[in-house]
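One file, model-v9.pdb, is given below (PDB, C-alpha atoms).
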ATOM      1  CA  MET F   1      -7.500 -23.585  43.965
ATOM      2  CA  VAL F   2      -9.978 -21.256  45.655
ATOM      3  CA  THR F   3     -12.867 -20.727  43.229
ATOM      4  CA  SER F   4     -14.975 -17.617  42.662
ATOM      5  CA  ALA F   5     -17.970 -19.389  44.177
ATOM      6  CA  HIS F   6     -15.934 -20.284  47.264
ATOM      7  CA  GLU F   7     -14.710 -16.691  47.617
ATOM      8  CA  GLY F   8     -18.195 -15.330  47.214
ATOM      9  CA  MET F   9     -19.827 -17.656  49.689
ATOM     10  CA  HIS F  10     -17.820 -16.252  52.584
ATOM     11  CA  ARG F  11     -17.101 -12.699  51.397
ATOM     12  CA  ILE F  12     -20.799 -11.882  51.344
ATOM     13  CA  PHE F  13     -20.846 -12.360  55.129
ATOM     14  CA  GLN F  14     -17.924  -9.943  55.496
ATOM     15  CA  GLU F  15     -19.286  -7.289  53.152
ATOM     16  CA  ARG F  16     -23.025  -7.659  53.876
ATOM     17  CA  PRO F  17     -23.234  -8.762  57.533
ATOM     18  CA  GLU F  18     -26.972  -7.972  57.637
ATOM     19  CA  ILE F  19     -27.507 -11.403  56.095
ATOM     20  CA  LEU F  20     -26.473 -13.087  59.351
ATOM     21  CA  ARG F  21     -29.737 -12.430  61.185
ATOM     22  CA  SER F  22     -31.782 -14.095  58.433
ATOM     23  CA  VAL F  23     -29.427 -17.080  58.266
ATOM     24  CA  PHE F  24     -29.498 -17.480  62.045
ATOM     25  CA  GLU F  25     -33.317 -17.436  61.962
ATOM     26  CA  VAL F  26     -33.251 -20.259  59.404
ATOM     27  CA  LEU F  27     -30.892 -22.232  61.640
ATOM     28  CA  GLY F  28     -32.956 -21.623  64.775
ATOM     29  CA  VAL F  29     -30.228 -19.640  66.557
ATOM     30  CA  PRO F  30     -31.472 -16.354  68.076
ATOM     31  CA  LEU F  31     -29.559 -13.183  67.177
ATOM     32  CA  SER F  32     -30.662  -9.751  68.352
ATOM     33  CA  ALA F  33     -31.500  -7.157  65.709
ATOM     34  CA  LYS F  34     -28.995  -4.695  67.197
ATOM     35  CA  ALA F  35     -26.033  -7.083  67.174
ATOM     36  CA  THR F  36     -22.722  -5.632  66.036
ATOM     37  CA  VAL F  37     -20.585  -7.527  63.514
ATOM     38  CA  ASP F  38     -16.820  -7.031  63.118
ATOM     39  CA  ALA F  39     -14.318  -8.948  60.993
ATOM     40  CA  VAL F  40     -11.513 -10.772  62.809
ATOM     41  CA  THR F  41      -8.229 -11.986  61.306
ATOM     42  CA  THR F  42      -8.645 -15.338  59.572
ATOM     43  CA  ASP F  43      -5.090 -16.485  60.278
ATOM     44  CA  VAL F  44      -5.152 -19.278  62.851
ATOM     45  CA  THR F  45      -1.510 -20.242  62.368
ATOM     46  CA  GLU F  46       0.584 -21.003  65.425
ATOM     47  CA  THR F  47       3.858 -22.014  63.765
ATOM     48  CA  ARG F  48       5.172 -20.590  60.509
ATOM     49  CA  PRO F  49       5.681 -23.891  58.623
ATOM     50  CA  LEU F  50       2.002 -24.816  59.067
ATOM     51  CA  GLU F  51      -0.528 -22.396  57.616
ATOM     52  CA  ARG F  52      -4.180 -22.684  58.530
ATOM     53  CA  ARG F  53      -6.833 -20.175  57.498
ATOM     54  CA  VAL F  54     -10.545 -20.215  58.140
ATOM     55  CA  ASP F  55     -12.542 -18.466  55.407
ATOM     56  CA  THR F  56     -14.171 -15.806  57.581
ATOM     57  CA  VAL F  57     -14.189 -15.017  61.301
ATOM     58  CA  LEU F  58     -16.678 -12.475  62.628
ATOM     59  CA  ARG F  59     -17.073 -11.128  66.144
ATOM     60  CA  ILE F  60     -20.762 -10.858  66.991
ATOM     61  CA  GLY F  61     -21.829  -8.447  69.708
ATOM     62  CA  PRO F  62     -25.466  -9.181  70.558
ATOM     63  CA  SER F  63     -27.343  -6.607  72.614
ATOM     64  CA  ASP F  64     -28.762  -9.321  74.856
ATOM     65  CA  GLY F  65     -25.687 -11.316  75.865
ATOM     66  CA  GLU F  66     -21.939 -11.847  75.640
ATOM     67  CA  ASP F  67     -19.930 -11.489  72.440
ATOM     68  CA  PHE F  68     -19.049 -14.599  70.471
ATOM     69  CA  LEU F  69     -17.027 -15.526  67.385
ATOM     70  CA  LEU F  70     -18.568 -16.952  64.238
ATOM     71  CA  ALA F  71     -16.187 -18.917  62.001
ATOM     72  CA  ILE F  72     -17.596 -19.371  58.485
ATOM     73  CA  GLU F  73     -16.481 -21.998  55.986
ATOM     74  CA  SER F  74     -17.664 -22.518  52.393
ATOM     75  CA  GLN F  75     -17.739 -26.187  51.405
ATOM     76  CA  SER F  76     -18.445 -27.390  47.847
ATOM     77  CA  GLY F  77     -17.809 -31.075  48.614
ATOM     78  CA  ARG F  78     -16.676 -33.566  51.219
ATOM     79  CA  VAL F  79     -12.964 -33.233  52.017
ATOM     80  CA  ALA F  80     -11.083 -35.861  53.982
ATOM     81  CA  GLY F  81      -9.611 -34.436  57.175
ATOM     82  CA  LYS F  82     -11.641 -31.233  57.049
ATOM     83  CA  GLU F  83     -13.413 -32.096  60.288
ATOM     84  CA  ALA F  84     -10.036 -32.073  62.059
ATOM     85  CA  SER F  85      -9.360 -28.583  60.694
ATOM     86  CA  TRP F  86     -12.736 -27.401  61.951
ATOM     87  CA  ALA F  87     -12.040 -28.760  65.417
ATOM     88  CA  TYR F  88      -8.709 -26.923  65.351
ATOM     89  CA  TYR F  89     -10.349 -23.642  64.286
ATOM     90  CA  VAL F  90     -12.922 -23.774  67.080
ATOM     91  CA  ALA F  91     -10.429 -24.720  69.802
ATOM     92  CA  TYR F  92      -7.775 -22.240  68.655
ATOM     93  CA  LEU F  93     -10.139 -19.282  68.313
ATOM     94  CA  GLN F  94     -11.665 -19.930  71.723
ATOM     95  CA  ALA F  95      -8.232 -20.160  73.332
ATOM     96  CA  LYS F  96      -6.898 -17.045  71.575
ATOM     97  CA  PHE F  97      -9.856 -14.698  72.023
ATOM     98  CA  ARG F  98     -11.382 -16.191  75.192
ATOM     99  CA  LEU F  99     -14.834 -16.101  73.611
ATOM    100  CA  PRO F 100     -17.417 -18.759  72.715
ATOM    101  CA  VAL F 101     -17.130 -19.938  69.106
ATOM    102  CA  LEU F 102     -19.731 -21.124  66.604
ATOM    103  CA  LEU F 103     -18.860 -22.669  63.237
ATOM    104  CA  LEU F 104     -21.104 -22.050  60.204
ATOM    105  CA  VAL F 105     -20.566 -24.146  57.071
ATOM    106  CA  VAL F 106     -22.249 -22.972  53.841
ATOM    107  CA  CYS F 107     -22.872 -25.749  51.285
ATOM    108  CA  GLN F 108     -24.250 -25.957  47.739
ATOM    109  CA  ASP F 109     -25.568 -29.521  47.725
ATOM    110  CA  GLY F 110     -27.484 -31.826  50.050
ATOM    111  CA  PRO F 111     -24.904 -34.620  50.501
ATOM    112  CA  THR F 112     -22.193 -32.134  51.455
ATOM    113  CA  ALA F 113     -24.532 -30.349  53.872
ATOM    114  CA  LYS F 114     -25.523 -33.656  55.505
ATOM    115  CA  TRP F 115     -21.874 -34.619  56.002
ATOM    116  CA  ALA F 116     -20.886 -31.155  57.257
ATOM    117  CA  ALA F 117     -23.525 -31.253  60.006
ATOM    118  CA  GLY F 118     -21.461 -33.849  61.862
ATOM    119  CA  PRO F 119     -21.065 -34.247  64.748
ATOM    120  CA  PHE F 120     -17.322 -34.863  64.549
ATOM    121  CA  ASP F 121     -15.644 -36.565  67.490
ATOM    122  CA  CYS F 122     -12.062 -36.555  68.675
ATOM    123  CA  GLY F 123     -11.292 -39.306  71.149
ATOM    124  CA  THR F 124     -10.446 -42.944  71.627
ATOM    125  CA  ARG F 125     -11.279 -46.053  73.662
ATOM    126  CA  GLY F 126     -14.871 -45.012  74.178
ATOM    127  CA  TRP F 127     -14.024 -41.524  75.446
ATOM    128  CA  THR F 128     -14.771 -38.287  73.535
ATOM    129  CA  ALA F 129     -12.333 -35.476  74.241
ATOM    130  CA  LEU F 130     -13.838 -33.002  71.759
ATOM    131  CA  ARG F 131     -17.036 -32.942  69.695
ATOM    132  CA  VAL F 132     -17.790 -30.369  66.972
ATOM    133  CA  TYR F 133     -21.340 -29.549  65.890
ATOM    134  CA  PRO F 134     -21.207 -27.156  62.893
ATOM    135  CA  LEU F 135     -24.180 -25.031  61.938
ATOM    136  CA  VAL F 136     -24.943 -25.793  58.289
ATOM    137  CA  ALA F 137     -26.655 -23.554  55.718
ATOM    138  CA  GLY F 138     -27.441 -25.193  52.405
ATOM    139  CA  PRO F 139     -30.160 -26.091  49.921
ATOM    140  CA  ASP F 140     -32.057 -28.125  52.533
ATOM    141  CA  ASN F 141     -32.695 -25.195  54.883
ATOM    142  CA  LEU F 142     -32.076 -21.961  52.926
ATOM    143  CA  PRO F 143     -35.362 -20.790  51.386
ATOM    144  CA  VAL F 144     -36.017 -20.794  47.639
ATOM    145  CA  ILE F 145     -36.899 -17.136  47.024
ATOM    146  CA  THR F 146     -38.721 -16.783  43.705
ATOM    147  CA  ASP F 147     -40.868 -13.717  44.429
ATOM    148  CA  ALA F 148     -39.376 -10.326  43.500
ATOM    149  CA  ARG F 149     -41.015  -8.543  46.440
ATOM    150  CA  THR F 150     -39.636 -11.091  48.897
ATOM    151  CA  ALA F 151     -36.202 -10.835  47.286
ATOM    152  CA  ALA F 152     -36.294  -7.036  47.524
ATOM    153  CA  LYS F 153     -37.079  -7.185  51.266
ATOM    154  CA  ASN F 154     -34.004  -9.353  51.959
ATOM    155  CA  LEU F 155     -31.731  -9.085  48.965
ATOM    156  CA  ALA F 156     -28.659 -10.509  50.696
ATOM    157  CA  LEU F 157     -30.554 -13.666  51.691
ATOM    158  CA  ALA F 158     -31.998 -13.979  48.160
ATOM    159  CA  VAL F 159     -28.494 -13.828  46.713
ATOM    160  CA  LEU F 160     -27.254 -16.465  49.167
ATOM    161  CA  SER F 161     -30.295 -18.547  48.211
ATOM    162  CA  ALA F 162     -29.244 -18.332  44.555
ATOM    163  CA  LEU F 163     -25.749 -19.553  45.421
ATOM    164  CA  ALA F 164     -26.996 -22.389  47.646
ATOM    165  CA  HIS F 165     -29.527 -23.526  45.024
ATOM    166  CA  ALA F 166     -27.296 -22.942  41.991
ATOM    167  CA  ARG F 167     -27.568 -26.622  41.016
ATOM    168  CA  ASN F 168     -31.356 -26.676  41.460
ATOM    169  CA  PRO F 169     -33.793 -26.041  38.566
ATOM    170  CA  ASP F 170     -35.505 -23.500  40.837
ATOM    171  CA  CYS F 171     -32.420 -21.301  40.560
ATOM    172  CA  ASP F 172     -33.714 -19.801  37.291
ATOM    173  CA  ALA F 173     -36.761 -18.441  39.103
ATOM    174  CA  ILE F 174     -34.584 -17.174  41.973
ATOM    175  CA  LEU F 175     -32.369 -15.257  39.536
ATOM    176  CA  GLU F 176     -35.404 -13.778  37.776
ATOM    177  CA  ALA F 177     -36.714 -12.529  41.126
ATOM    178  CA  ILE F 178     -33.343 -11.020  42.043
ATOM    179  CA  SER F 179     -33.093  -9.337  38.639
ATOM    180  CA  ASN F 180     -36.505  -7.696  39.085
ATOM    181  CA  ALA F 181     -35.573  -6.593  42.604
ATOM    182  CA  LEU F 182     -32.300  -5.085  41.369
ATOM    183  CA  GLN F 183     -34.043  -3.142  38.628
ATOM    184  CA  GLU F 184     -36.172  -1.433  41.275
ATOM    185  CA  LEU F 185     -33.299  -0.988  43.709
ATOM    186  CA  ARG F 186     -31.065   0.795  41.179
ATOM    187  CA  GLU F 187     -33.415   3.792  41.334
ATOM    188  CA  THR F 188     -32.824   4.334  45.058
ATOM    189  CA  ASP F 189     -29.543   2.579  45.868
ATOM    190  CA  PRO F 190     -27.453   2.036  42.714
ATOM    191  CA  ASP F 191     -24.310   1.128  44.671
ATOM    192  CA  THR F 192     -25.976  -1.831  46.394
ATOM    193  CA  ALA F 193     -27.609  -2.952  43.141
ATOM    194  CA  GLU F 194     -24.250  -2.777  41.404
ATOM    195  CA  TYR F 195     -22.568  -4.762  44.170
ATOM    196  CA  PHE F 196     -25.037  -7.636  43.985
ATOM    197  CA  PHE F 197     -25.070  -7.690  40.201
ATOM    198  CA  ASP F 198     -21.287  -8.056  40.010
ATOM    199  CA  PHE F 199     -21.221 -10.397  43.016
ATOM    200  CA  LEU F 200     -23.531 -12.900  41.320
ATOM    201  CA  GLU F 201     -21.732 -12.695  37.990
ATOM    202  CA  VAL F 202     -18.393 -13.421  39.652
ATOM    203  CA  THR F 203     -19.532 -16.153  42.052
ATOM    204  CA  LEU F 204     -21.789 -18.034  39.625
ATOM    205  CA  GLY F 205     -19.088 -17.886  36.929
ATOM    206  CA  LYS F 206     -19.506 -20.287  34.010
ATOM    207  CA  THR F 207     -21.954 -22.628  35.713
ATOM    208  CA  PRO F 208     -25.410 -23.171  34.151
ATOM    209  CA  ALA F 209     -26.782 -20.735  36.746
ATOM    210  CA  GLY F 210     -24.102 -18.232  35.753
ATOM    211  CA  GLU F 211     -25.036 -18.556  32.092
ATOM    212  CA  LYS F 212     -28.681 -17.971  33.004
ATOM    213  CA  TRP F 213     -27.705 -14.856  34.978
ATOM    214  CA  ASN F 214     -25.689 -13.568  32.031
ATOM    215  CA  ARG F 215     -28.642 -14.071  29.681
ATOM    216  CA  ILE F 216     -30.949 -12.217  32.057
ATOM    217  CA  MET F 217     -28.605  -9.292  32.508
ATOM    218  CA  SER F 218     -27.532  -8.981  28.872
ATOM    219  CA  PHE F 219     -30.824  -7.158  28.325
ATOM    220  CA  VAL F 220     -30.253  -4.707  31.157
ATOM    221  CA  SER F 221     -27.825  -1.769  30.959
ATOM    222  CA  TYR F 222     -27.211  -1.143  34.638
ATOM    223  CA  PHE F 223     -23.904   0.605  34.968
ATOM    224  CA  PRO F 224     -21.936   1.310  31.754
ATOM    225  CA  GLY F 225     -18.201   1.020  32.115
ATOM    226  CA  ARG F 226     -17.977  -2.025  34.386
ATOM    227  CA  GLY F 227     -16.837  -4.484  31.712
ATOM    228  CA  THR F 228     -19.340  -7.205  32.654
ATOM    229  CA  VAL F 229     -21.908  -9.000  30.495
ATOM    230  CA  ARG F 230     -24.317  -6.071  30.522
ATOM    231  CA  GLU F 231     -21.449  -3.867  29.397
ATOM    232  CA  THR F 232     -20.530  -6.246  26.573
ATOM    233  CA  ALA F 233     -24.058  -5.943  25.226
ATOM    234  CA  TYR F 234     -24.045  -2.187  25.768
ATOM    235  CA  LEU F 235     -20.750  -1.702  23.924
ATOM    236  CA  GLU F 236     -21.381  -4.147  21.070
ATOM    237  CA  GLY F 237     -20.389  -2.537  17.789
ATOM    238  CA  ARG F 238     -18.533   0.282  19.559
ATOM    239  CA  THR F 239     -14.789   0.506  20.122
ATOM    240  CA  GLU F 240     -14.439   3.917  21.714
ATOM    241  CA  GLY F 241     -13.890   3.547  25.435
ATOM    242  CA  ARG F 242     -13.870  -0.267  25.254
ATOM    243  CA  ALA F 243     -10.394  -0.633  26.757
ATOM    244  CA  GLU F 244     -11.322   1.641  29.648
ATOM    245  CA  GLY F 245     -14.489  -0.363  30.273
ATOM    246  CA  GLU F 246     -12.552  -3.654  30.176
ATOM    247  CA  ALA F 247     -10.022  -2.292  32.675
ATOM    248  CA  LYS F 248     -12.779  -1.203  35.052
ATOM    249  CA  GLY F 249     -14.402  -4.609  34.703
ATOM    250  CA  ILE F 250     -11.196  -6.473  35.577
ATOM    251  CA  LEU F 251     -10.542  -4.272  38.604
ATOM    252  CA  SER F 252     -14.180  -4.607  39.692
ATOM    253  CA  VAL F 253     -14.053  -8.418  39.657
ATOM    254  CA  LEU F 254     -10.823  -8.436  41.656
ATOM    255  CA  GLU F 255     -12.349  -6.002  44.144
ATOM    256  CA  VAL F 256     -15.508  -8.088  44.602
ATOM    257  CA  ARG F 257     -13.356 -11.195  45.176
ATOM    258  CA  GLY F 258     -11.173  -9.377  47.705
ATOM    259  CA  ILE F 259      -7.951  -9.748  45.679
ATOM    260  CA  PRO F 260      -5.401  -6.998  46.528
ATOM    261  CA  VAL F 261      -4.246  -4.909  43.548
ATOM    262  CA  THR F 262      -0.884  -3.134  43.658
ATOM    263  CA  ASP F 263      -0.253   0.177  41.894
ATOM    264  CA  ARG F 264       1.948  -1.652  39.399
ATOM    265  CA  VAL F 265      -0.794  -4.131  38.505
ATOM    266  CA  ARG F 266      -3.412  -1.381  38.300
ATOM    267  CA  GLU F 267      -1.200   0.636  35.942
ATOM    268  CA  ARG F 268      -0.593  -2.353  33.722
ATOM    269  CA  ILE F 269      -4.313  -3.062  33.441
ATOM    270  CA  THR F 270      -5.425   0.516  32.825
ATOM    271  CA  SER F 271      -2.691   1.254  30.275
ATOM    272  CA  CYS F 272      -3.344  -1.813  28.091
ATOM    273  CA  THR F 273      -5.133  -1.258  24.757
ATOM    274  CA  ASP F 274      -5.030  -4.849  23.457
ATOM    275  CA  LEU F 275      -8.685  -5.876  23.712
ATOM    276  CA  ASP F 276      -8.026  -9.589  23.149
ATOM    277  CA  ARG F 277      -5.469  -9.578  25.935
ATOM    278  CA  MET F 278      -7.849  -7.716  28.241
ATOM    279  CA  ASP F 279     -10.643 -10.189  27.484
ATOM    280  CA  ALA F 280      -8.301 -12.954  28.659
ATOM    281  CA  TRP F 281      -7.460 -10.980  31.810
ATOM    282  CA  LEU F 282     -11.150 -10.436  32.526
ATOM    283  CA  GLU F 283     -11.775 -14.177  32.283
ATOM    284  CA  ARG F 284      -8.784 -14.967  34.541
ATOM    285  CA  SER F 285      -9.894 -12.381  37.096
ATOM    286  CA  ARG F 286     -12.687 -14.771  38.132
ATOM    287  CA  THR F 287     -10.301 -17.491  39.348
ATOM    288  CA  VAL F 288      -6.791 -16.130  40.051
ATOM    289  CA  GLU F 289      -5.533 -16.142  43.611
ATOM    290  CA  ARG F 290      -3.186 -13.150  43.071
ATOM    291  CA  ALA F 291      -3.704 -10.156  40.797
ATOM    292  CA  GLU F 292      -0.237 -10.762  39.315
ATOM    293  CA  ASP F 293      -1.426 -14.127  37.982
ATOM    294  CA  LEU F 294      -3.557 -12.304  35.413
ATOM    295  CA  PHE F 295      -0.468 -11.775  33.306
ATOM    296  CA  ASP F 296       0.940 -15.297  33.415
ATOM    297  CA  GLU F 297       0.156 -15.911  29.737
ATOM    298  CA  GLU F 298       3.361 -17.712  28.817
ATOM    299  CA  GLY F 299       4.698 -18.660  32.214
ATOM    300  CA  ASN F 300       6.161 -15.213  32.796
ATOM    301  CA  ALA F 301       4.082 -12.859  34.910
ATOM    302  CA  ASP F 302       6.505  -9.997  34.354
ATOM    303  CA  LYS F 303       6.584 -10.169  30.567
ATOM    304  CA  PRO F 304       6.273  -6.571  29.288
ATOM    305  CA  ILE F 305       3.282  -5.584  27.221
ATOM    306  CA  ALA F 306       4.149  -4.835  23.631
TER     307      ALA F 306
END
What does the file become when written as structure tokens?
Amino acid sequence: MVTSAHEGMHRIFQERPEILRSVFEVLGVPLSAKATVDAVTTDVTETRPLERRVDTVLRIGPSDGEDFLLAIESQSGRVAGKEASWAYYVAYLQAKFRLPVLLLVVCQDGPTAKWAAGPFDCGTRGWTALRVYPLVAGPDNLPVITDARTAAKNLALAVLSALAHARNPDCDAILEAISNALQELRETDPDTAEYFFDFLEVTLGKTPAGEKWNRIMSFVSYFPGRGTVRETAYLEGRTEGRAEGEAKGILSVLEVRGIPVTDRVRERITSCTDLDRMDAWLERSRTVERAEDLFDEEGNADKPIA
């Protein structure tokens, strides 16, 4: 199952492409400040029975050279055969789009990052037909950003730092710095502050880092009506408007995770007044792969609401 953390690791590159320049600097790969970034279809399937999807594919248009494709994968652990999939992605994308291809793998722990760096060879009898060298971003090379002013200058990189170092004791200090930066940012750019608040809550989930983030934000009333932890604290002891806030929270989490929501699903969520049921939906919204799976409470996704 695709987890919230996995979703978040690659969606941040799609939704906040400004992070790429900082990541490329960390990796020692030059990228011009005026480069354009456009999303490309992630479907690399050639025959219908065999489905292959790379997490994110971006077309980079640097101002100082030819365009290239950047395929991005989020990897939480070593997976047997994954290197063959990566070789396929690189070869297929180059053949389809006739552009150079780079592969970036984002990891959350050192052993996985070391394995993902490769190189991975395809060949036999002493001859290498194809060799893949992924770029790897992980706890060993992404900076630990614990200063609020530094976090405010590059908020997207600070957030990625929190995800990469989520298993590190330093993550508490990173989250504190991000929280302070967000409190200042909400005065000038509330939409961006809201995005990163919800992004971290969804992607960190119920991990120790996620619990720390929830404790930090339970004291901050950022945006009433979103149905997240800050909203739970804000609405404690109040029932008026709670269902509406829960509905907005569920839809917000699905939106941040990039899960499509049909009109039918939206209507079912917004018309529900059973708070216990909506609490369950809010929890499921962090992990479901389809919006319809929110309602699969007794093995029947189409069961009508009483």
List as number ranges by chain: which residues have an atom within 12 Å of (-18.6, -22.0, 36.0), counting only C-alpha atoms? F: 3-6, 166-167, 200-214, 283, 286-287
Using Å and a single decimal, report how far atom CA of F:Lys82 sits from atom CA of F:Val29. 23.9 Å
Could you tell me which of F:Leu99, F:Ile60, F:Ala291, F:Ala247 comes closest to F:Asp279 if we count only C-alpha atoms?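 Once distances to F:Asp279 are computed over only C-alpha atoms, the minimum belongs to F:Ala247.
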Selection under test: the PyMOL selection byres ((chain F and resi 196) around 10); residues as a PyMOL selection string: chain F and resi 12+155-156+159+178-179+182+191-195+197-202+256
Could you check which of F:Leu104, F:Val288, F:Met278, F:Leu157 is closest to F:Ile259, using all atoms listed in the file?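 Among the listed residues, the smallest separation from F:Ile259 belongs to F:Val288.
Atom CA of F:Ser63 lies 18.8 Å from atom CA of F:Arg98.
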Using the chain letters and residue numbers of this document, give as a ChimeraX atom specification the residues selected by the PyMOL selection byres ((chain F and resi 70) around 7). /F:57-59,68-69,71-72,101-104
Missing atoms in stretch 274-287 of chain F: fill them in up to N, CA and C atoms and send the result as a CSV table (one decimal), in the frame of the given file.
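What ended up in selection15.csv:
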chain,number,residue,atom,x,y,z
F,274,ASP,N,-4.8,-3.6,24.2
F,274,ASP,CA,-5.0,-4.8,23.5
F,274,ASP,C,-6.3,-5.5,24.0
F,275,LEU,N,-7.4,-5.4,23.2
F,275,LEU,CA,-8.7,-5.9,23.7
F,275,LEU,C,-8.7,-7.4,23.9
F,276,ASP,N,-8.1,-8.1,23.0
F,276,ASP,CA,-8.0,-9.6,23.1
F,276,ASP,C,-7.3,-10.0,24.4
F,277,ARG,N,-6.2,-9.3,24.7
F,277,ARG,CA,-5.5,-9.6,25.9
F,277,ARG,C,-6.3,-9.2,27.2
F,278,MET,N,-7.0,-8.1,27.1
F,278,MET,CA,-7.8,-7.7,28.2
F,278,MET,C,-9.0,-8.7,28.4
F,279,ASP,N,-9.6,-9.2,27.3
F,279,ASP,CA,-10.6,-10.2,27.5
F,279,ASP,C,-10.1,-11.4,28.3
F,280,ALA,N,-8.9,-11.8,28.0
F,280,ALA,CA,-8.3,-13.0,28.7
F,280,ALA,C,-8.1,-12.6,30.1
F,281,TRP,N,-7.7,-11.4,30.4
F,281,TRP,CA,-7.5,-11.0,31.8
F,281,TRP,C,-8.8,-11.0,32.6
F,282,LEU,N,-9.8,-10.5,31.9
F,282,LEU,CA,-11.2,-10.4,32.5
F,282,LEU,C,-11.6,-11.8,32.9
F,283,GLU,N,-11.4,-12.8,32.0
F,283,GLU,CA,-11.8,-14.2,32.3
F,283,GLU,C,-11.0,-14.7,33.4
F,284,ARG,N,-9.6,-14.5,33.5
F,284,ARG,CA,-8.8,-15.0,34.5
F,284,ARG,C,-9.1,-14.3,35.9
F,285,SER,N,-9.6,-13.1,35.8
F,285,SER,CA,-9.9,-12.4,37.1
F,285,SER,C,-10.9,-13.1,38.0
F,286,ARG,N,-11.7,-14.0,37.4
F,286,ARG,CA,-12.7,-14.8,38.1
F,286,ARG,C,-12.1,-15.9,39.0
F,287,THR,N,-10.8,-16.3,38.7
F,287,THR,CA,-10.3,-17.5,39.3
F,287,THR,C,-8.9,-17.3,39.9
